[in-house]
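Shown below: input.pdb, with PDB, C-alpha atoms.
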ATOM      1  CA  MET A 202      -3.072 -28.604 -37.508
ATOM      2  CA  ALA A 203      -4.809 -30.888 -35.005
ATOM      3  CA  GLU A 204      -4.236 -30.152 -31.348
ATOM      4  CA  VAL A 205      -2.150 -32.775 -29.562
ATOM      5  CA  ARG A 206      -3.490 -33.342 -26.094
ATOM      6  CA  PRO A 207      -1.181 -34.701 -23.411
ATOM      7  CA  VAL A 208      -1.928 -38.217 -22.221
ATOM      8  CA  PRO A 209      -2.857 -38.159 -18.512
ATOM      9  CA  LEU A 210      -0.604 -40.037 -16.121
ATOM     10  CA  SER A 211      -3.541 -42.209 -15.060
ATOM     11  CA  HIS A 212      -3.519 -43.790 -18.524
ATOM     12  CA  TYR A 213      -0.070 -45.197 -17.863
ATOM     13  CA  ILE A 214      -0.991 -46.818 -14.546
ATOM     14  CA  ALA A 215      -4.647 -47.727 -15.068
ATOM     15  CA  LEU A 216      -5.339 -51.341 -14.179
ATOM     16  CA  ARG A 217      -6.987 -52.090 -17.524
ATOM     17  CA  SER A 218      -4.918 -49.813 -19.729
ATOM     18  CA  ASP A 219      -3.629 -51.362 -22.940
ATOM     19  CA  HIS A 220      -0.467 -49.250 -22.713
ATOM     20  CA  VAL A 221       2.696 -51.311 -22.341
ATOM     21  CA  VAL A 222       3.908 -49.162 -19.423
ATOM     22  CA  ALA A 223       0.705 -49.764 -17.462
ATOM     23  CA  GLN A 224       0.787 -53.480 -18.143
ATOM     24  CA  ALA A 225       4.436 -53.775 -17.129
ATOM     25  CA  PHE A 226       3.695 -51.757 -13.981
ATOM     26  CA  TRP A 227       0.887 -54.063 -12.876
ATOM     27  CA  ILE A 228       2.772 -57.240 -13.768
ATOM     28  CA  ALA A 229       5.653 -56.053 -11.569
ATOM     29  CA  THR A 230       3.278 -54.821  -8.861
ATOM     30  CA  PHE A 231       1.533 -58.155  -8.502
ATOM     31  CA  ALA A 232       4.860 -59.985  -8.473
ATOM     32  CA  VAL A 233       6.025 -57.751  -5.613
ATOM     33  CA  CYS A 234       2.697 -58.092  -3.784
ATOM     34  CA  THR A 235       2.978 -61.871  -4.000
ATOM     35  CA  ALA A 236       6.476 -61.621  -2.522
ATOM     36  CA  ILE A 237       5.108 -59.506   0.328
ATOM     37  CA  GLY A 238       2.250 -61.955   0.797
ATOM     38  CA  ALA A 239       4.778 -64.756   1.196
ATOM     39  CA  GLN A 240       6.129 -63.015   4.301
ATOM     40  CA  VAL A 241       2.676 -62.918   5.922
ATOM     41  CA  GLU A 242       3.178 -66.370   7.328
ATOM     42  CA  ILE A 243       1.845 -68.684   9.996
ATOM     43  CA  PRO A 244       4.623 -71.249  10.434
ATOM     44  CA  HIS A 245       3.614 -74.824   9.708
ATOM     45  CA  TYR A 246       5.945 -77.576   8.575
ATOM     46  CA  PRO A 247       6.527 -78.575   5.855
ATOM     47  CA  VAL A 248       4.126 -76.123   4.136
ATOM     48  CA  PRO A 249       3.401 -72.829   5.950
ATOM     49  CA  TYR A 250       0.230 -70.785   5.789
ATOM     50  CA  THR A 251       0.933 -67.681   3.693
ATOM     51  CA  PHE A 252      -0.933 -64.902   1.893
ATOM     52  CA  GLN A 253       0.575 -65.613  -1.539
ATOM     53  CA  THR A 254      -2.431 -67.243  -3.132
ATOM     54  CA  PHE A 255      -4.564 -64.168  -2.428
ATOM     55  CA  PHE A 256      -2.460 -62.278  -4.965
ATOM     56  CA  VAL A 257      -2.391 -65.226  -7.359
ATOM     57  CA  LEU A 258      -6.194 -65.102  -7.421
ATOM     58  CA  LEU A 259      -6.228 -61.344  -7.927
ATOM     59  CA  ALA A 260      -3.562 -61.499 -10.630
ATOM     60  CA  GLY A 261      -5.696 -63.830 -12.696
ATOM     61  CA  GLY A 262      -8.914 -61.993 -11.905
ATOM     62  CA  LEU A 263      -7.709 -58.444 -12.501
ATOM     63  CA  LEU A 264      -4.822 -58.725 -14.969
ATOM     64  CA  GLY A 265      -6.262 -61.431 -17.173
ATOM     65  CA  ARG A 266      -4.706 -64.660 -18.294
ATOM     66  CA  ARG A 267      -1.608 -63.337 -20.076
ATOM     67  CA  ASN A 268      -0.536 -60.640 -17.637
ATOM     68  CA  GLY A 269      -1.594 -62.704 -14.631
ATOM     69  CA  PHE A 270       0.606 -65.522 -15.912
ATOM     70  CA  LEU A 271       3.515 -63.133 -16.536
ATOM     71  CA  SER A 272       3.233 -61.590 -13.082
ATOM     72  CA  MET A 273       3.599 -64.990 -11.441
ATOM     73  CA  VAL A 274       6.437 -65.996 -13.755
ATOM     74  CA  THR A 275       8.135 -62.740 -12.738
ATOM     75  CA  TYR A 276       7.624 -63.623  -9.086
ATOM     76  CA  LEU A 277       9.142 -67.078  -9.526
ATOM     77  CA  GLY A 278      11.986 -65.596 -11.542
ATOM     78  CA  MET A 279      12.769 -63.170  -8.725
ATOM     79  CA  GLY A 280      13.043 -66.059  -6.308
ATOM     80  CA  ALA A 281      14.980 -68.274  -8.696
ATOM     81  CA  ILE A 282      17.752 -65.683  -9.108
ATOM     82  CA  GLY A 283      18.159 -65.342  -5.369
ATOM     83  CA  LEU A 284      15.844 -62.566  -4.227
ATOM     84  CA  PRO A 285      14.249 -63.433  -0.841
ATOM     85  CA  VAL A 286      10.662 -63.474  -2.086
ATOM     86  CA  PHE A 287       9.495 -66.908  -0.969
ATOM     87  CA  SER A 288       8.112 -67.668   2.498
ATOM     88  CA  ALA A 289      10.447 -66.951   5.422
ATOM     89  CA  SER A 290      12.527 -64.803   3.013
ATOM     90  CA  GLY A 291      13.582 -67.921   1.147
ATOM     91  CA  ALA A 292      15.058 -67.949  -2.344
ATOM     92  CA  GLY A 293      16.710 -70.136  -4.932
ATOM     93  CA  LEU A 294      15.912 -73.077  -7.174
ATOM     94  CA  ALA A 295      16.022 -75.421  -4.173
ATOM     95  CA  ARG A 296      12.724 -73.945  -2.991
ATOM     96  CA  LEU A 297      11.125 -74.665  -6.356
ATOM     97  CA  LEU A 298      12.293 -78.261  -6.215
ATOM     98  CA  GLY A 299      11.524 -78.788  -2.529
ATOM     99  CA  PRO A 300       8.330 -79.684  -0.634
ATOM    100  CA  THR A 301       6.623 -76.360  -1.347
ATOM    101  CA  GLY A 302       7.796 -76.115  -4.941
ATOM    102  CA  GLY A 303       4.647 -77.565  -6.442
ATOM    103  CA  TYR A 304       2.565 -74.770  -4.946
ATOM    104  CA  LEU A 305       4.938 -72.117  -6.250
ATOM    105  CA  LEU A 306       5.199 -73.594  -9.734
ATOM    106  CA  SER A 307       1.426 -73.783  -9.979
ATOM    107  CA  PHE A 308       0.991 -70.015  -9.521
ATOM    108  CA  PRO A 309       1.446 -68.977 -13.185
ATOM    109  CA  ILE A 310      -0.813 -71.795 -14.402
ATOM    110  CA  ALA A 311      -3.502 -70.962 -11.844
ATOM    111  CA  ALA A 312      -3.419 -67.233 -12.679
ATOM    112  CA  TYR A 313      -3.707 -68.020 -16.381
ATOM    113  CA  MET A 314      -6.616 -70.404 -15.844
ATOM    114  CA  ILE A 315      -8.485 -67.934 -13.625
ATOM    115  CA  GLY A 316      -8.017 -65.142 -16.146
ATOM    116  CA  TYR A 317      -9.184 -67.358 -18.974
ATOM    117  CA  LEU A 318     -12.291 -68.591 -17.157
ATOM    118  CA  ILE A 319     -13.265 -65.087 -16.057
ATOM    119  CA  SER A 320     -12.880 -63.872 -19.639
ATOM    120  CA  LEU A 321     -15.678 -66.266 -20.610
ATOM    121  CA  ARG A 322     -18.103 -64.673 -18.144
ATOM    122  CA  PRO A 323     -19.547 -61.934 -20.435
ATOM    123  CA  GLN A 324     -20.865 -64.467 -22.906
ATOM    124  CA  ALA A 325     -22.416 -66.523 -20.107
ATOM    125  CA  ALA A 326     -23.905 -63.477 -18.351
ATOM    126  CA  GLN A 327     -25.788 -62.446 -21.464
ATOM    127  CA  GLN A 328     -27.909 -65.556 -21.152
ATOM    128  CA  ILE A 329     -29.297 -64.471 -17.743
ATOM    129  CA  ASP A 330     -32.319 -62.190 -17.383
ATOM    130  CA  GLY A 331     -32.427 -59.485 -14.712
ATOM    131  CA  LYS A 332     -29.698 -57.221 -13.339
ATOM    132  CA  ALA A 333     -29.703 -58.795  -9.867
ATOM    133  CA  LYS A 334     -29.432 -62.303 -11.281
ATOM    134  CA  ARG A 335     -26.582 -61.237 -13.566
ATOM    135  CA  LEU A 336     -24.753 -59.704 -10.597
ATOM    136  CA  VAL A 337     -25.132 -62.864  -8.547
ATOM    137  CA  ALA A 338     -24.021 -64.920 -11.537
ATOM    138  CA  ALA A 339     -20.966 -62.694 -12.014
ATOM    139  CA  TYR A 340     -19.906 -63.170  -8.386
ATOM    140  CA  GLY A 341     -20.552 -66.881  -8.655
ATOM    141  CA  TRP A 342     -18.588 -67.146 -11.886
ATOM    142  CA  THR A 343     -15.609 -65.316 -10.400
ATOM    143  CA  ALA A 344     -15.741 -67.431  -7.238
ATOM    144  CA  GLY A 345     -15.944 -70.585  -9.331
ATOM    145  CA  ALA A 346     -12.972 -69.590 -11.495
ATOM    146  CA  MET A 347     -10.883 -68.737  -8.439
ATOM    147  CA  SER A 348     -11.927 -71.946  -6.684
ATOM    148  CA  LEU A 349     -10.675 -73.968  -9.643
ATOM    149  CA  GLY A 350      -7.447 -71.988  -9.547
ATOM    150  CA  LEU A 351      -6.979 -72.836  -5.868
ATOM    151  CA  LEU A 352      -7.796 -76.464  -6.554
ATOM    152  CA  LEU A 353      -5.034 -76.535  -9.156
ATOM    153  CA  VAL A 354      -2.568 -74.996  -6.690
ATOM    154  CA  PHE A 355      -3.476 -77.595  -4.073
ATOM    155  CA  LEU A 356      -3.317 -80.452  -6.561
ATOM    156  CA  LEU A 357       0.119 -79.637  -7.969
ATOM    157  CA  GLY A 358       1.414 -78.698  -4.536
ATOM    158  CA  THR A 359       0.268 -81.974  -3.009
ATOM    159  CA  LEU A 360       1.724 -83.993  -5.882
ATOM    160  CA  GLN A 361       5.195 -82.526  -5.375
ATOM    161  CA  LEU A 362       4.878 -82.689  -1.585
ATOM    162  CA  ASN A 363       4.281 -86.405  -1.864
ATOM    163  CA  ALA A 364       7.023 -86.907  -4.449
ATOM    164  CA  VAL A 365       9.832 -85.179  -2.543
ATOM    165  CA  TYR A 366       8.804 -85.347   1.103
ATOM    166  CA  PHE A 367       6.088 -87.637   2.464
ATOM    167  CA  HIS A 368       5.993 -90.463  -0.084
ATOM    168  CA  ASN A 369       2.598 -91.229   1.413
ATOM    169  CA  TRP A 370      -0.621 -90.039  -0.212
ATOM    170  CA  THR A 371      -2.643 -89.898   2.992
ATOM    171  CA  SER A 372      -0.077 -87.737   4.794
ATOM    172  CA  SER A 373       0.416 -85.573   1.725
ATOM    173  CA  PHE A 374      -3.304 -84.996   1.300
ATOM    174  CA  GLN A 375      -3.805 -84.157   4.975
ATOM    175  CA  SER A 376      -0.788 -81.845   5.265
ATOM    176  CA  GLY A 377      -0.815 -80.361   1.790
ATOM    177  CA  PHE A 378      -4.462 -80.115   0.861
ATOM    178  CA  LEU A 379      -7.021 -80.396   3.654
ATOM    179  CA  ILE A 380      -5.133 -78.317   6.182
ATOM    180  CA  PHE A 381      -5.361 -75.190   4.024
ATOM    181  CA  SER A 382      -9.095 -75.263   3.361
ATOM    182  CA  TRP A 383     -10.247 -72.790   6.055
ATOM    183  CA  TRP A 384      -7.414 -70.319   5.391
ATOM    184  CA  ASP A 385      -7.898 -70.275   1.654
ATOM    185  CA  ILE A 386     -11.680 -69.945   1.880
ATOM    186  CA  LEU A 387     -11.047 -66.628   3.650
ATOM    187  CA  LYS A 388      -8.602 -65.535   0.944
ATOM    188  CA  LEU A 389     -10.951 -66.664  -1.805
ATOM    189  CA  THR A 390     -13.846 -64.678  -0.343
ATOM    190  CA  ALA A 391     -11.708 -61.563  -0.013
ATOM    191  CA  ALA A 392     -10.263 -61.936  -3.517
ATOM    192  CA  VAL A 393     -13.714 -62.272  -5.099
ATOM    193  CA  ALA A 394     -14.931 -59.149  -3.284
ATOM    194  CA  VAL A 395     -11.866 -57.099  -4.253
ATOM    195  CA  CYS A 396     -11.980 -58.299  -7.848
ATOM    196  CA  LYS A 397     -15.653 -57.428  -8.283
ATOM    197  CA  GLU A 398     -15.290 -54.046  -6.572
ATOM    198  CA  LEU A 399     -12.345 -53.024  -8.752
ATOM    199  CA  SER A 400     -14.069 -54.388 -11.834
ATOM    200  CA  ARG A 401     -16.949 -51.965 -11.235
ATOM    201  CA  SER A 402     -14.683 -48.946 -10.683
TER     202      SER A 402
END
Rewritten as structure tokens:
Amino acid sequence: MAEVRPVPLSHYIALRSDHVVAQAFWIATFAVCTAIGAQVEIPHYPVPYTFQTFFVLLAGGLLGRRNGFLSMVTYLGMGAIGLPVFSASGAGLARLLGPTGGYLLSFPIAAYMIGYLISLRPQAAQQIDGKAKRLVAAYGWTAGAMSLGLLLVFLLGTLQLNAVYFHNWTSSFQSGFLIFSWWDILKLTAAVAVCKELSRS
């Protein structure tokens, strides 16, 4: 009779485990981390500076398109049912329909897109000669995927900001898009570094 070896606990919580428990754990973890990131806030009206998008980028980069998408849907669901997971401990459907709602609703789409684009990297990397060049290309590919994800967040956020608040494209673009550039460049840089470091571990 074949010996049955116990499955180590690490298998159930490994970031890239295909076990349903591990995947559910990380989907929930990133949803909670995004909620925590929402509370790291620099007040600015009507759209505050927060740390949410850092975890949106990581969700897509580390969990992949499906689980990254599900983690952000879970986050939005938590807020929609009344849990205080949005910025300034906000909650409810009114937040999703208000000035900042476009940013929030873009999170699942952005995470999915980032995960999808990063999944294409192996095929592209095979076309590059040299280990150093492949490493640089991998960082560049991840940064590019995350940059497009941020662009999507800004685009959808600015569209809703204009539709429900400013009703003026110039004001919406200045307050909803340009003002976040410096802050999100820092988050993007950190997310790329974390994603690549964990990908190597």
Picked residues, the PyMOL selection byres ((chain A and resi 386-402) around 8), as a list in words: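 In the shown coordinates, the PyMOL selection byres ((chain A and resi 386-402) around 8) covers Phe252, Thr254, Phe255, Phe256, Leu258, Leu259, Gly262, Leu263, Tyr340, Thr343, Ala344, Met347, Ser348, Ser382, Trp383, Trp384 and Asp385 of chain A.
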Taking the file as shown, what set of residues would the PyMOL selection byres ((chain A and resi 360) around 12) give back, as a tab-separated table (two decimals) with C-alpha atoms, keeping the file's coordinate frame?
chain	number	residue	atom	x	y	z
A	299	GLY	CA	11.52	-78.79	-2.53
A	300	PRO	CA	8.33	-79.68	-0.63
A	301	THR	CA	6.62	-76.36	-1.35
A	302	GLY	CA	7.80	-76.11	-4.94
A	303	GLY	CA	4.65	-77.56	-6.44
A	304	TYR	CA	2.56	-74.77	-4.95
A	306	LEU	CA	5.20	-73.59	-9.73
A	307	SER	CA	1.43	-73.78	-9.98
A	353	LEU	CA	-5.03	-76.54	-9.16
A	354	VAL	CA	-2.57	-75.00	-6.69
A	355	PHE	CA	-3.48	-77.60	-4.07
A	356	LEU	CA	-3.32	-80.45	-6.56
A	357	LEU	CA	0.12	-79.64	-7.97
A	358	GLY	CA	1.41	-78.70	-4.54
A	359	THR	CA	0.27	-81.97	-3.01
A	361	GLN	CA	5.20	-82.53	-5.38
A	362	LEU	CA	4.88	-82.69	-1.58
A	363	ASN	CA	4.28	-86.40	-1.86
A	364	ALA	CA	7.02	-86.91	-4.45
A	365	VAL	CA	9.83	-85.18	-2.54
A	366	TYR	CA	8.80	-85.35	1.10
A	367	PHE	CA	6.09	-87.64	2.46
A	368	HIS	CA	5.99	-90.46	-0.08
A	369	ASN	CA	2.60	-91.23	1.41
A	370	TRP	CA	-0.62	-90.04	-0.21
A	371	THR	CA	-2.64	-89.90	2.99
A	372	SER	CA	-0.08	-87.74	4.79
A	373	SER	CA	0.42	-85.57	1.72
A	374	PHE	CA	-3.30	-85.00	1.30
A	376	SER	CA	-0.79	-81.84	5.26
A	377	GLY	CA	-0.82	-80.36	1.79
A	378	PHE	CA	-4.46	-80.11	0.86
Residue neighbourhood A:Val274, 7 Å, all atoms listed in the file, exclusion window fewer than 4 positions, as a list in words: Phe270, Gly278 and Pro309 of chain A
For stretch 224-236 of chain A: contacts at 9 Å, only C-alpha atoms, fewer than 6 positions along chain excluded, given as an MDAnalysis selection string: chainID A and resid 213:218 252:257 259:260 264 268:277 279:280 285:288 290
For the selection just defined, write its residues with C-alpha atoms to a file, as a compact mmCIF listing (two decimals), keeping the file's coordinate frame.
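Final output, saved to selection_2.txt:
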# COMPACT_ATOMS: atom_id res chain seq x y z
CA TYR A 213 -0.07 -45.20 -17.86
CA ILE A 214 -0.99 -46.82 -14.55
CA ALA A 215 -4.65 -47.73 -15.07
CA LEU A 216 -5.34 -51.34 -14.18
CA ARG A 217 -6.99 -52.09 -17.52
CA SER A 218 -4.92 -49.81 -19.73
CA PHE A 252 -0.93 -64.90 1.89
CA GLN A 253 0.57 -65.61 -1.54
CA THR A 254 -2.43 -67.24 -3.13
CA PHE A 255 -4.56 -64.17 -2.43
CA PHE A 256 -2.46 -62.28 -4.96
CA VAL A 257 -2.39 -65.23 -7.36
CA LEU A 259 -6.23 -61.34 -7.93
CA ALA A 260 -3.56 -61.50 -10.63
CA LEU A 264 -4.82 -58.72 -14.97
CA ASN A 268 -0.54 -60.64 -17.64
CA GLY A 269 -1.59 -62.70 -14.63
CA PHE A 270 0.61 -65.52 -15.91
CA LEU A 271 3.52 -63.13 -16.54
CA SER A 272 3.23 -61.59 -13.08
CA MET A 273 3.60 -64.99 -11.44
CA VAL A 274 6.44 -66.00 -13.76
CA THR A 275 8.14 -62.74 -12.74
CA TYR A 276 7.62 -63.62 -9.09
CA LEU A 277 9.14 -67.08 -9.53
CA MET A 279 12.77 -63.17 -8.72
CA GLY A 280 13.04 -66.06 -6.31
CA PRO A 285 14.25 -63.43 -0.84
CA VAL A 286 10.66 -63.47 -2.09
CA PHE A 287 9.49 -66.91 -0.97
CA SER A 288 8.11 -67.67 2.50
CA SER A 290 12.53 -64.80 3.01
Atom CA of A:Gly316 to atom CA of A:Ala339, straight-line distance in Å: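 Taking atom CA of A:Ala339 as the start and atom CA of A:Gly316 as the end point, the length is 13.8 Å.
Atom pair atom CA of A:Trp342 / atom CA of A:Ile319 has a distance of 7.1 Å (rounded to one decimal).
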For atom CA of A:Ile315 and atom CA of A:Leu349, the interatomic separation in Å (one decimal): 7.6 Å
Enclose stretch 271-287 of chain A, meaning all of its atoms listed in the file, in a box aligned along x, y and z, pad it by 5 Å on each side, and list the centre and edge lengths in Å to one decimal, as AutoDock Vina command-line options.
--center_x 10.7 --center_y -64.9 --center_z -8.7 --size_x 24.9 --size_y 16.7 --size_z 25.7
